[in-house]
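Q: What follows is run25.cif, made up of mmCIF, C-alpha atoms and all ligand atoms:
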```cif
data_coords
#
loop_
_atom_site.label_atom_id
_atom_site.label_comp_id
_atom_site.auth_asym_id
_atom_site.auth_seq_id
_atom_site.Cartn_x
_atom_site.Cartn_y
_atom_site.Cartn_z
CA MET W 1 -10.23 28.86 -0.25
CA ALA W 2 -11.70 25.45 -1.20
CA GLN W 3 -9.70 22.58 0.26
CA ILE W 4 -8.19 20.09 -2.19
CA PRO W 5 -8.92 16.53 -1.01
CA PRO W 6 -5.67 14.79 0.00
CA ARG W 7 -4.19 12.23 -2.42
CA HIS W 8 -2.76 10.18 0.44
CA GLY W 9 -3.76 9.16 3.96
CA GLY W 10 -1.64 9.58 7.09
CA ASN W 11 -1.21 13.37 7.00
CA LEU W 12 -0.81 13.50 10.77
CA GLN W 13 1.25 16.67 11.12
CA GLN W 14 -1.12 18.66 8.92
CA ALA W 15 -4.25 17.34 10.66
CA ALA W 16 -2.74 18.02 14.08
CA ARG W 17 -1.96 21.61 13.08
CA GLN W 18 -5.54 22.11 11.90
CA LEU W 19 -7.05 20.55 15.02
CA GLY W 20 -4.65 22.26 17.41
CA CYS W 21 -3.35 19.05 18.95
CA ARG W 22 -0.24 16.88 18.82
CA PRO W 23 0.07 14.19 16.09
CA GLU W 24 0.23 11.47 18.75
CA GLN W 25 -3.20 12.52 20.04
CA LEU W 26 -4.78 11.51 16.73
CA LEU W 27 -6.19 8.09 15.98
CA ASP W 28 -5.20 7.47 12.38
CA PHE W 29 -7.48 5.25 10.32
CA SER W 30 -6.49 7.09 7.13
CA ALA W 31 -3.17 5.30 6.47
CA SER W 32 -3.23 1.52 6.61
CA LEU W 33 -0.28 0.38 8.71
CA VAL W 34 -0.01 -2.63 11.02
CA PRO W 35 -1.19 -1.24 14.39
CA PHE W 36 1.35 -2.96 16.65
CA GLY W 37 4.60 -2.15 14.86
CA PRO W 38 7.40 -1.58 14.36
CA PRO W 39 8.86 -5.03 15.08
CA ALA W 40 11.36 -5.33 17.95
CA ALA W 41 13.98 -6.38 15.38
CA LEU W 42 14.13 -2.77 14.15
CA ARG W 43 15.07 -1.35 17.53
CA ARG W 44 17.56 -4.19 18.12
CA VAL W 45 19.41 -3.48 14.89
CA TRP W 46 19.37 0.26 15.38
CA ARG W 47 20.58 0.06 19.00
CA ARG W 48 23.51 -2.00 17.76
CA ALA W 49 24.08 0.39 14.87
CA LEU W 50 24.09 3.46 17.10
CA ARG W 51 26.43 1.97 19.69
CA GLY W 52 30.12 2.51 19.17
CA GLY W 53 29.78 5.54 16.92
CA ALA W 54 27.73 3.68 14.33
CA THR W 55 30.65 3.80 11.94
CA ALA W 56 29.28 1.29 9.47
CA ASP W 57 25.66 2.39 9.21
CA LEU W 58 25.69 6.07 10.10
CA VAL W 59 29.09 7.66 9.51
CA ALA W 60 30.06 5.72 6.38
CA TYR W 61 28.23 5.84 3.05
CA PRO W 62 25.90 2.88 2.55
CA ASP W 63 27.16 -0.01 0.40
CA ARG W 64 26.18 1.17 -3.07
CA SER W 65 25.28 -2.33 -4.15
CA TYR W 66 23.17 -2.98 -1.00
CA ARG W 67 24.49 -6.52 -1.25
CA ASP W 68 23.60 -7.71 2.27
CA LEU W 69 20.07 -6.36 2.00
CA ARG W 70 19.55 -7.80 -1.48
CA GLU W 71 20.79 -11.17 -0.27
CA ALA W 72 18.46 -11.15 2.74
CA ILE W 73 15.45 -10.28 0.56
CA ALA W 74 16.46 -12.89 -2.04
CA LEU W 75 16.89 -15.56 0.63
CA HIS W 76 13.46 -14.78 2.05
CA HIS W 77 11.81 -15.22 -1.35
CA GLY W 78 14.11 -17.96 -2.68
CA ILE W 79 15.24 -15.89 -5.68
CA ASP W 80 18.47 -14.54 -7.19
CA PRO W 81 19.86 -11.45 -5.36
CA ALA W 82 20.58 -9.87 -8.77
CA ALA W 83 16.80 -9.78 -9.35
CA VAL W 84 16.26 -7.55 -6.26
CA LEU W 85 16.63 -3.77 -6.00
CA PRO W 86 15.94 -2.04 -2.65
CA GLY W 87 14.43 1.44 -2.90
CA ASN W 88 13.57 4.46 -0.81
CA GLY W 89 10.04 3.14 -0.34
CA ALA W 90 7.97 1.58 -3.09
CA ALA W 91 7.28 5.14 -4.24
CA GLU W 92 10.85 5.59 -5.46
CA LEU W 93 10.66 2.36 -7.44
CA PHE W 94 7.39 3.38 -9.11
CA THR W 95 9.32 6.33 -10.53
CA TRP W 96 11.81 4.02 -12.28
CA ALA W 97 9.17 1.52 -13.37
CA ALA W 98 7.34 4.51 -14.84
CA ARG W 99 10.40 5.57 -16.81
CA ASP W 100 10.35 2.19 -18.56
CA ALA W 101 6.57 2.22 -18.85
CA ALA W 102 6.40 5.72 -20.31
CA ALA W 103 8.62 4.60 -23.20
CA LEU W 104 6.27 1.71 -24.06
CA GLY W 105 3.11 3.56 -25.09
CA LEU W 106 -0.26 4.06 -23.47
CA ASN W 107 -0.40 2.77 -19.87
CA THR W 108 -3.55 1.27 -18.38
CA LEU W 109 -4.44 1.92 -14.73
CA LEU W 110 -7.46 0.67 -12.82
CA ALA W 111 -9.78 3.26 -11.30
CA PRO W 112 -10.36 4.05 -8.55
CA GLY W 113 -6.71 3.34 -7.82
CA PHE W 114 -3.53 4.41 -6.07
CA ALA W 115 -2.56 7.86 -7.35
CA ASP W 116 1.20 7.48 -7.12
CA TYR W 117 1.46 5.61 -10.44
CA GLN W 118 0.14 8.72 -12.18
CA ARG W 119 2.65 10.88 -10.32
CA ALA W 120 5.43 8.53 -11.44
CA LEU W 121 4.27 8.42 -15.08
CA ALA W 122 3.90 12.20 -15.19
CA CYS W 123 7.62 12.50 -14.31
CA TRP W 124 8.44 11.03 -17.74
CA ASP W 125 5.56 12.52 -19.73
CA GLY W 126 4.00 9.05 -19.73
CA ARG W 127 0.49 8.62 -21.12
CA TRP W 128 -2.22 6.64 -19.37
CA CYS W 129 -5.89 5.74 -19.53
CA THR W 130 -8.07 4.23 -16.82
CA SER W 131 -10.33 1.18 -16.75
CA LEU W 132 -13.16 1.52 -14.25
CA LEU W 133 -13.83 -1.13 -11.62
CA GLN W 134 -17.40 -2.10 -10.75
CA LEU W 135 -18.43 -0.55 -7.44
CA PRO W 136 -19.38 -1.62 -4.94
CA HIS W 137 -17.79 -4.96 -5.72
CA ARG W 138 -19.28 -8.27 -4.65
CA ASN W 139 -16.43 -10.27 -3.14
CA ALA W 140 -12.99 -9.79 -1.65
CA GLY W 141 -11.35 -12.29 -4.03
CA PRO W 142 -9.15 -13.85 -5.20
CA GLN W 143 -10.93 -12.64 -8.29
CA ALA W 144 -10.11 -12.20 -11.98
CA VAL W 145 -9.30 -8.58 -12.83
CA THR W 146 -11.19 -8.84 -16.10
CA GLU W 147 -14.40 -9.87 -14.29
CA ALA W 148 -14.29 -6.85 -11.98
CA LEU W 149 -14.32 -4.14 -14.66
CA VAL W 150 -17.27 -2.08 -15.85
CA GLU W 151 -16.24 -2.66 -19.48
CA PRO W 152 -13.89 -5.25 -20.97
CA LEU W 153 -10.25 -4.17 -21.14
CA PRO W 154 -9.42 -2.71 -24.54
CA PRO W 155 -6.63 -4.55 -26.43
CA LEU W 156 -3.53 -3.79 -24.37
CA GLY W 157 -0.75 -2.38 -26.53
CA GLY W 158 1.02 -0.73 -23.61
CA PRO W 159 1.96 -1.36 -19.97
CA LEU W 160 -0.54 -2.31 -17.28
CA TRP W 161 -0.29 -1.35 -13.59
CA ILE W 162 -1.94 -3.59 -11.01
CA THR W 163 -2.20 -3.22 -7.23
CA ASN W 164 -2.65 -6.56 -5.51
CA PRO W 165 -4.64 -6.37 -3.28
CA HIS W 166 -6.24 -3.36 -4.89
CA ASN W 167 -6.25 0.01 -3.15
CA PRO W 168 -8.75 1.43 -2.16
CA THR W 169 -11.17 -1.51 -2.59
CA GLY W 170 -9.18 -4.28 -0.84
CA GLN W 171 -9.97 -6.73 -3.65
CA LEU W 172 -7.43 -9.51 -4.08
CA TRP W 173 -6.63 -10.42 -7.70
CA SER W 174 -6.05 -14.02 -8.64
CA ARG W 175 -2.59 -15.01 -9.81
CA GLU W 176 -4.15 -16.87 -12.74
CA SER W 177 -5.86 -13.77 -14.05
CA LEU W 178 -2.67 -11.73 -13.74
CA LEU W 179 -0.70 -14.39 -15.62
CA GLN W 180 -3.16 -14.14 -18.51
CA LEU W 181 -2.70 -10.37 -18.60
CA LEU W 182 1.07 -10.76 -18.46
CA GLU W 183 0.95 -12.49 -21.84
CA GLN W 184 -0.77 -9.48 -23.43
CA VAL W 185 1.42 -6.56 -22.36
CA PRO W 186 4.95 -5.28 -22.96
CA LEU W 187 5.22 -4.47 -19.23
CA LEU W 188 3.16 -5.49 -16.20
CA VAL W 189 3.93 -3.61 -12.97
CA VAL W 190 2.42 -5.36 -9.96
CA ASP W 191 2.41 -3.43 -6.69
CA GLU W 192 2.26 -5.98 -3.87
CA ALA W 193 2.70 -3.43 -1.05
CA PHE W 194 -0.07 -5.00 1.06
CA LEU W 195 0.11 -8.63 -0.09
CA PRO W 196 2.33 -10.05 2.70
CA LEU W 197 -0.20 -8.89 5.30
CA LEU W 198 -2.96 -11.11 3.90
CA PRO W 199 -3.44 -14.68 5.13
CA GLY W 200 -2.83 -16.75 1.98
CA GLY W 201 -1.79 -13.63 0.09
CA GLU W 202 1.52 -15.05 -1.12
CA GLN W 203 -0.37 -17.68 -3.12
CA GLN W 204 -1.54 -14.90 -5.46
CA SER W 205 1.89 -13.30 -5.79
CA LEU W 206 3.73 -12.95 -9.09
CA LEU W 207 7.01 -12.24 -7.29
CA PRO W 208 8.51 -15.73 -7.79
CA LEU W 209 8.16 -15.25 -11.59
CA ALA W 210 9.60 -11.76 -11.87
CA ALA W 211 13.27 -12.74 -12.11
CA GLU W 212 12.58 -14.68 -15.32
CA HIS W 213 9.78 -12.76 -17.03
CA PRO W 214 11.30 -9.81 -18.90
CA GLN W 215 7.99 -7.96 -19.03
CA LEU W 216 7.18 -8.28 -15.29
CA VAL W 217 8.11 -5.97 -12.41
CA VAL W 218 6.90 -6.69 -8.86
CA ILE W 219 7.21 -3.99 -6.21
CA ARG W 220 6.97 -4.55 -2.47
CA SER W 221 7.06 -2.23 0.52
CA LEU W 222 7.93 -2.70 4.19
CA THR W 223 5.91 0.42 5.09
CA LYS W 224 2.63 -1.34 5.86
CA LEU W 225 3.91 -4.72 7.00
CA CYS W 226 6.29 -3.28 9.60
CA ALA W 227 4.59 0.09 10.27
CA ILE W 228 7.69 2.01 9.19
CA ALA W 229 6.31 4.65 6.82
CA GLY W 230 8.96 7.05 8.11
CA VAL W 231 11.88 4.76 7.35
CA ARG W 232 11.13 4.47 3.60
CA LEU W 233 12.01 0.97 2.48
CA GLY W 234 10.70 -1.08 -0.41
CA TYR W 235 12.12 -3.31 -3.13
CA ALA W 236 11.58 -4.28 -6.72
CA VAL W 237 11.94 -7.77 -8.16
CA ALA W 238 12.54 -7.95 -11.90
CA LEU W 239 14.98 -9.04 -14.56
CA PRO W 240 18.53 -8.14 -13.35
CA GLN W 241 19.30 -6.14 -16.54
CA ARG W 242 16.29 -3.90 -15.94
CA LEU W 243 17.25 -3.28 -12.31
CA HIS W 244 20.85 -2.61 -13.25
CA GLN W 245 19.60 0.09 -15.63
CA TRP W 246 17.45 1.65 -12.88
CA SER W 247 20.39 1.74 -10.49
CA GLN W 248 22.42 3.64 -13.12
CA TRP W 249 19.68 6.27 -13.33
CA ARG W 250 19.05 6.94 -9.68
CA ASP W 251 20.92 8.62 -6.83
CA PRO W 252 23.98 6.75 -5.61
CA TRP W 253 22.51 5.98 -2.13
CA PRO W 254 18.71 6.10 -2.25
CA VAL W 255 18.33 3.81 0.79
CA ASN W 256 19.99 5.27 3.89
CA GLY W 257 22.36 3.24 6.06
CA LEU W 258 19.98 2.74 8.98
CA ALA W 259 17.14 1.59 6.71
CA ALA W 260 19.49 -0.76 4.89
CA ALA W 261 20.80 -2.17 8.18
CA ALA W 262 17.29 -2.88 9.47
CA GLY W 263 15.86 -4.25 6.23
CA GLY W 264 17.56 -7.64 6.40
CA ALA W 265 16.34 -8.32 9.94
CA LEU W 266 12.81 -7.16 9.14
CA ILE W 267 12.42 -9.27 6.03
CA ALA W 268 13.80 -12.36 7.78
CA ASP W 269 11.33 -12.05 10.66
CA ARG W 270 8.81 -14.73 9.66
CA SER W 271 7.19 -14.81 13.08
CA TRP W 272 6.32 -11.13 12.62
CA GLN W 273 4.67 -11.87 9.30
CA GLN W 274 2.69 -14.73 10.84
CA ARG W 275 1.55 -12.48 13.68
CA VAL W 276 0.43 -9.84 11.19
CA GLN W 277 -1.56 -12.36 9.15
CA ARG W 278 -3.19 -13.82 12.28
CA TRP W 279 -4.25 -10.32 13.33
CA LEU W 280 -5.69 -9.45 9.91
CA GLY W 281 -7.44 -12.83 9.59
CA ARG W 282 -9.21 -12.11 12.87
CA GLU W 283 -9.69 -8.35 12.92
CA GLY W 284 -10.46 -7.69 9.23
CA PRO W 285 -13.69 -9.74 9.07
CA TRP W 286 -14.67 -8.62 12.59
CA LEU W 287 -14.46 -4.93 11.69
CA GLN W 288 -16.23 -5.41 8.35
CA GLN W 289 -19.12 -7.20 10.03
CA ALA W 290 -19.35 -4.59 12.77
CA LEU W 291 -19.37 -1.76 10.21
CA ALA W 292 -22.04 -3.49 8.12
CA ARG W 293 -24.35 -3.40 11.16
CA ARG W 294 -24.15 0.42 11.26
CA PRO W 295 -27.28 1.99 9.76
CA GLY W 296 -26.90 3.45 6.30
CA LEU W 297 -23.34 2.25 5.72
CA ARG W 298 -22.37 -0.11 2.88
CA VAL W 299 -19.18 -2.09 3.34
CA SER W 300 -17.19 -3.28 0.32
CA PRO W 301 -15.76 -6.75 1.07
CA SER W 302 -11.99 -6.47 1.58
CA ALA W 303 -9.16 -8.99 1.82
CA ALA W 304 -6.82 -6.22 2.97
CA ASN W 305 -6.17 -4.21 6.12
CA TYR W 306 -8.46 -1.40 4.97
CA VAL W 307 -12.14 -1.16 4.20
CA LEU W 308 -14.02 1.00 1.72
CA ILE W 309 -17.38 2.19 3.01
CA SER W 310 -20.12 4.12 1.24
CA ALA W 311 -23.60 5.53 1.75
CA ASP W 312 -26.40 7.00 -0.34
CA HIS W 313 -25.46 10.47 0.91
CA SER W 314 -22.25 12.37 1.53
CA LEU W 315 -20.04 10.90 4.25
CA GLN W 316 -18.04 14.10 4.56
CA PRO W 317 -20.06 15.32 7.60
CA LEU W 318 -19.31 11.98 9.28
CA ARG W 319 -15.58 12.22 8.45
CA ILE W 320 -15.42 15.79 9.72
CA ALA W 321 -17.35 14.95 12.92
CA LEU W 322 -14.97 12.09 13.70
CA GLU W 323 -11.98 14.32 13.06
CA GLN W 324 -13.16 17.32 15.06
CA GLN W 325 -15.00 15.61 17.91
CA HIS W 326 -12.98 12.41 18.30
CA ARG W 327 -9.62 13.20 16.64
CA ILE W 328 -10.12 10.17 14.43
CA LEU W 329 -8.83 10.44 10.85
CA LEU W 330 -10.52 8.56 8.00
CA ARG W 331 -9.39 8.54 4.38
CA ASP W 332 -11.29 11.07 2.33
CA CYS W 333 -11.82 9.29 -1.03
CA ARG W 334 -12.71 12.27 -3.22
CA SER W 335 -9.26 12.23 -4.82
CA PHE W 336 -9.88 8.75 -6.27
CA GLU W 337 -11.26 8.72 -9.82
CA GLY W 338 -14.74 7.15 -9.72
CA LEU W 339 -15.33 7.89 -6.02
CA ASP W 340 -16.95 10.96 -4.51
CA GLU W 341 -18.04 12.36 -1.16
CA ARG W 342 -20.14 9.25 -0.46
CA TRP W 343 -17.04 7.08 0.00
CA LEU W 344 -14.49 6.73 2.80
CA ARG W 345 -11.67 4.28 3.43
CA LEU W 346 -10.58 3.22 6.87
CA ALA W 347 -7.78 1.06 8.19
CA VAL W 348 -8.15 -2.08 10.27
CA LEU W 349 -6.39 -1.46 13.60
CA ASP W 350 -6.35 -3.47 16.83
CA ARG W 351 -9.58 -4.42 18.64
CA ARG W 352 -9.38 -1.62 21.20
CA ARG W 353 -8.96 1.10 18.60
CA ASN W 354 -11.47 -0.49 16.21
CA GLN W 355 -14.01 -0.40 19.04
CA GLN W 356 -13.14 3.22 19.70
CA LEU W 357 -13.89 3.95 16.03
CA LEU W 358 -17.23 2.11 16.20
CA ARG W 359 -18.28 4.04 19.31
CA ALA W 360 -17.40 7.32 17.61
CA LEU W 361 -19.30 6.26 14.48
CA ASP W 362 -22.35 5.41 16.56
CA GLN W 363 -22.36 8.84 18.14
CA ALA W 364 -21.89 10.58 14.79
CA LEU W 365 -24.52 8.44 13.02
CA VAL W 366 -27.24 9.14 15.61
CA PRO W 367 -28.96 11.91 13.58
CA ASP W 368 -29.33 9.50 10.64
CA ARG W 369 -31.33 7.09 12.77
CA ALA W 370 -33.94 9.71 13.69
C1 LIG W 401 -0.91 0.48 -2.95
C2 LIG W 401 0.28 1.18 -2.37
N1 LIG W 401 1.50 0.92 -2.85
C3 LIG W 401 2.59 1.55 -2.36
C4 LIG W 401 2.48 2.50 -1.37
C5 LIG W 401 3.68 3.27 -0.92
O1 LIG W 401 4.62 2.48 -0.27
P1 LIG W 401 5.95 3.13 0.27
O2 LIG W 401 5.65 3.76 1.59
O3 LIG W 401 6.88 1.96 0.39
O4 LIG W 401 6.43 4.14 -0.71
C6 LIG W 401 1.23 2.79 -0.84
C7 LIG W 401 1.10 3.81 0.21
O5 LIG W 401 0.06 4.24 0.57
C8 LIG W 401 0.10 2.12 -1.36
O6 LIG W 401 -1.12 2.39 -0.91
#
```
Would you kindly transcribe this structure into structure tokens?
Ligand SMILES: Cc1ncc(COP(=O)(O)O)c(C=O)c1O
A:
Amino acid sequence: MAQIPPRHGGNLQQAARQLGCRPEQLLDFSASLVPFGPPAALRRVWRRALRGGATADLVAYPDRSYRDLREAIALHHGIDPAAVLPGNGAAELFTWAARDAAALGLNTLLAPGFADYQRALACWDGRWCTSLLQLPHRNAGPQAVTEALVEPLPPLGGPLWITNPHNPTGQLWSRESLLQLLEQVPLLVVDEAFLPLLPGGEQQSLLPLAAEHPQLVVIRSLTKLCAIAGVRLGYAVALPQRLHQWSQWRDPWPVNGLAAAAGGALIADRSWQQRVQRWLGREGPWLQQALARRPGLRVSPSAANYVLISADHSLQPLRIALEQQHRILLRDCRSFEGLDERWLRLAVLDRRRNQQLLRALDQALVPDRA
């Protein structure tokens, strides 16, 4: 049976089953998480929570209003707690943003792009079209969205979904260009899941405006920043009335007690965020330059903690060789509209593991040099 390319990276359990090894024996470059997480604050909070029967965070139902967590997030960003809604990962919040978006006409998504917006829109029979990005792109940004498209955006009657920085390209969009688009649409959903990892990223954020702009929703995730994909924690920032409506629609306790208890400490940990940005400022350019020296590989400039690479021929044999001979997982990009077997995405990890990847690439690329 032909294998369907995965729509998401980080499928460790499945890959381990196929390769006959344990998930922890794999080196995962397919999901883009900070390589030295989770922060110590997480274990500190959970140790405290689990001591003494964990009555508040484990035995009892979570606070339905998530007031402490909303206040911690609001304090971190200097906004009103009523404009914050924590969710069970950003993915849950896309579902509610999509419910609003589906009711507002034809949605525009950029392609290639993150597939979960389509999943969310499909839940509500939402309609969408895609605008193609130029590939490979010339610079990592901050760049105007409108200058990066193959064709000019059609007049936007409906909602627009933006990922900043973009996934899978790693392009950073300029705040100015997003503000111009905001004026043209009934709803702009900006997914800033990766933005806090980028040195200078916050300067391009629309989050500070979301509490006042009725047609703006900004969604963040702690998955990448804190390497806690398994915990499931994200938040939306938007007009309080919109978020109140979402919380009426969803389950009573979408964020579990342990995630809610940890969230406040994680978001307040500025030294963690600085450490992450220092790592990416150093390791991102280093890995991109090292990859660009590999024969036959093209590297798309990225501001993010992942890099899109391409070649004139299929990179599937390379991906499979790395997986089977080195237990290294890369992101197969065939599920992205506009990309095919010539494209792969890989995460930026720490120097030791990045070097391990480069050594494996060199071995696998040897036949191409002949
Ligand atoms: C652009 C983007 N946004 C959001 C998410 C999902 O975040 P979460 O784990 O908080 O649901 C991902 C995960 O891959 C992503 O790539």
Q: Taking only C-alpha atoms and all ligand atoms and a cut-off of 10 Å, can you tell me which residues surround ligand LIG 401 (chain W), written as number ranges by chain?
A: W: 7-10, 30-33, 87-94, 113-117, 162-168, 170, 190-195, 219-225, 227-235
Q: What does the structure give for the distance between CA of Asp251 in chain W and CA of Arg70 in chain W, in Å to one decimal?
A: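 Separating CA of Asp251 in chain W from CA of Arg70 in chain W is a distance of 17.3 Å.
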Q: Which of these, W:Asp125, W:Glu147, W:Asp100, W:Glu283, has the shortest distance to Leu188 in chain W once you count only C-alpha atoms?
A: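 Ranked by minimum distance to Leu188 in chain W, first place goes to W:Asp100.
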Q: Suppose you want the space between CA of Arg270 in chain W and CA of Leu50 in chain W; what is it in Å?
A: 24.9 Å
Q: Mind checking which residues fall within 12 Å of Ala49 in chain W, counting only C-alpha atoms, ignoring those fewer than 4 positions away in the same chain, and posting them as a ChimeraX atom specification?
A: /W:42-45,53-60,257-262
Q: Would you mind listing, for every residue of range 250-299 of chain W within 9 Å of range 312-332 of chain W, the two atoms forming the shortest contact and the distance between them in Å to one decimal, using all atoms listed in the file, sorted by chain and ascending residue number, as a Markdown table?
A:
```
| residue | atom | partner | partner_atom | distance |
| --- | --- | --- | --- | --- |
| W:Gly296 | CA | W:Asp312 | CA | 7.5 |
| W:Leu297 | CA | W:Asp312 | CA | 8.3 |
| W:Arg298 | CA | W:Asp312 | CA | 8.8 |
```
Q: CA of Leu172 in chain W and CA of Trp286 in chain W are how many Å apart?
A: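 About the pair CA of Leu172 in chain W and CA of Trp286 in chain W: they are 18.2 Å apart.
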Q: Can you pull out every residue within 10 Å of range 96-99 of chain W, counting only C-alpha atoms, but drop anything in the same chain fewer than 5 positions away, and send it as a ChimeraX atom specification?
A: /W:91,104,107,117-126,159,161,187-189,217-219,236,242-243,245-247,249-250
Q: Near Trp272 in chain W, within 12 Å and counting all atoms listed in the file, which residues show up once chain neighbours fewer than 6 positions away are dropped, as JSON, numbers by chain?
A: {"W": [34, 36, 37, 38, 39, 40, 41, 42, 196, 197, 225, 226, 227, 265, 266, 278, 279]}
Q: Give the answer as one residue: which of W:Leu280, W:Leu287, W:Ala268, W:Leu160 has the shortest atom-to-atom distance to Leu216 in chain W, using only C-alpha atoms?
A: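 Once distances to Leu216 in chain W are computed over only C-alpha atoms, the minimum belongs to W:Leu160.
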Q: For Arg275 in chain W, which residue out of W:Pro35, W:Gln14, W:Val299, W:His137 is the nearest one, using all atoms listed in the file?
A: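 Nearest to Arg275 in chain W: W:Pro35.
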Q: For Arg359 in chain W, which residue out of W:Ala290, W:Thr146, W:Leu209, W:Gln18 is the nearest one, using all atoms listed in the file?
A: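 Closest residue, counting all atoms listed in the file: W:Ala290.
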